[in-house]
Amino acid sequence: MRELSAQASQGDYANAFLILLAFALFATDNLVHYPLALMSLLGIVFALRKPGDLLQPAALKLLALFALIWLPMVVSLPGAVNPVHSSKTVWLYLHFFPAAYYLLQVCRSVAVYRLVCHGVVALLLFVAFDAFAQLIWGEDFFGYPYDGNILKGVFYPKQRIGLFLAVLAPLYIDVLRRWCSRYAALWIMLIPIVVVIVTTLKRSAWLMVALSIIGYLLVARKKRSHAGPEKRTLGIVLGVVVVVAVAVTALSSSVQRQLVTSAGVFSTDVDRIDSATSYRVSLWRTGVKIFMHHPWLGIGPRGYRSAYATFAAKDDFWLARNGTGQTHPHLLVLEVAVETGVVGLIGLVMFFALLVTTIARASDGPFLPVWLLCAGVAWFPLNAHLSFYGSYWATLAWLLIGIGMAVAVTPAQESSV
């Protein structure tokens, strides 16, 4: 990794701006794809100008991670139930690799890496305070309303704010810890994040933030040179999260209702479990039936929606509701099984094995591999939110992986981030 000069160059600022623009545009439905497309083109230019860089360890590991996800998608195409949609998904997916390669290359500059880390955390703080304002005053800085139930913030009307804050929690904690080494009182910045995540009422976000905190603390413990500070971080993070979460739960009737509803998953009544999981059991049943009929290669990426009506029960909740079912089974590992079969599951297992190994080895380096940890949380196999093969969530995952690989594999100069 290139050492940080006294001042970042104009190129460093331009690269950091492009990356931060992409993260900011996740608040929209589709605009994030424009900066990603530019990253992809720049990644191709980098590869053409210096093809030898593609053989560097970080690039080869990035290619391996990408291949473990993409190749099963290709293999599933001959049996796709919706060949047009699946083919479009598979071939458009290719642009994620050059985009991630671009991120790998530019984030090797400590200047760019530091700008991106601090910039993304600044964006998270803005998003949290904006949603906090929405919670208190009934509308956020942009005039988006709060319905008194699910907090949406800048992602209005989508229910995505909790997912993003939860996935990026390891980065937030790591950068905030560094800020607090100078200004200890800044730990108070944990409070708005926790309040917002709890009041989004997204159980997936609650699960992911728990995974993020556990993962961060496990990774941080391996860094022997910071054993003392990491222990203090453990106490502070857990203390703030627990106290704030309990306080918000005690004050919010919406959160209390969601917890009561969620308790239904421990019931022995299948119908109650289905209701408690927002009728995801119906989706999972249909997904299992599809997988049993197409176990090896699946039905093609994004094919679940096309096969749903054929395999769903006659009294299926979703068919009765909209006549078509759902676009994906709302369980990541089941989506992979249904759409790319056993081959896809093997690829996913190997992907996580490589990712976890990379994280473990990078934990003794100068930078904690928080970006890769965020990627692992985003693609945790039991996640039950956005589609694994959908372009929106895949864009986030490959941004995280590209940035993470820049410091996880390439030896870096010690620097304060």
# chains A, B, ... in the order shown; residues from 1 in each chain; ligands from 1

$ residues_around --residues "range 94-102 of chain A" --least-positions-apart "3" --cutoff "6 Å" --atoms "only C-alpha atoms" --output "PyMOL selection string"
chain A and resi 39-40+43-44+91+105+398+402

$ closest_atom_pairs --of "range 45-127 of chain A" --to "range 363-378 of chain A" --cutoff "12 Å" --atoms "only C-alpha atoms" --output "JSON lines"
{"residue": "A:Leu62", "atom": "CA", "partner": "A:Leu372", "partner_atom": "CA", "distance": 11.4}
{"residue": "A:Leu65", "atom": "CA", "partner": "A:Leu372", "partner_atom": "CA", "distance": 11.7}
{"residue": "A:Leu103", "atom": "CA", "partner": "A:Trp371", "partner_atom": "CA", "distance": 11.9}
{"residue": "A:Leu104", "atom": "CA", "partner": "A:Trp371", "partner_atom": "CA", "distance": 11.8}
{"residue": "A:Cys107", "atom": "CA", "partner": "A:Trp371", "partner_atom": "CA", "distance": 11.7}
{"residue": "A:Arg108", "atom": "CA", "partner": "A:Phe367", "partner_atom": "CA", "distance": 11.8}
{"residue": "A:Val110", "atom": "CA", "partner": "A:Phe367", "partner_atom": "CA", "distance": 10.6}
{"residue": "A:Tyr113", "atom": "CA", "partner": "A:Phe367", "partner_atom": "CA", "distance": 10.5}
{"residue": "A:Arg114", "atom": "CA", "partner": "A:Phe367", "partner_atom": "CA", "distance": 10.9}
{"residue": "A:Val116", "atom": "CA", "partner": "A:Trp371", "partner_atom": "CA", "distance": 11.0}
{"residue": "A:Cys117", "atom": "CA", "partner": "A:Trp371", "partner_atom": "CA", "distance": 9.3}
{"residue": "A:Val120", "atom": "CA", "partner": "A:Trp371", "partner_atom": "CA", "distance": 11.2}

$ atom_distance --atom1 "CA of Met292 in chain A" --atom2 "CA of Leu334 in chain A"
11.5 Å

$ atom_distance --atom1 "CA of His293 in chain A" --atom2 "CA of Ser76 in chain A"
13.9 Å

$ closest_residue --among "A:Leu331, A:Val260, A:Ala384, A:Val240" --to "Trp206 in chain A" --atoms "only C-alpha atoms"
A:Ala384

$ closest_residue --among "A:Gly215, A:Gly162, A:Gly287, A:Gly323" --to "Val195 in chain A" --atoms "only C-alpha atoms"
A:Gly162
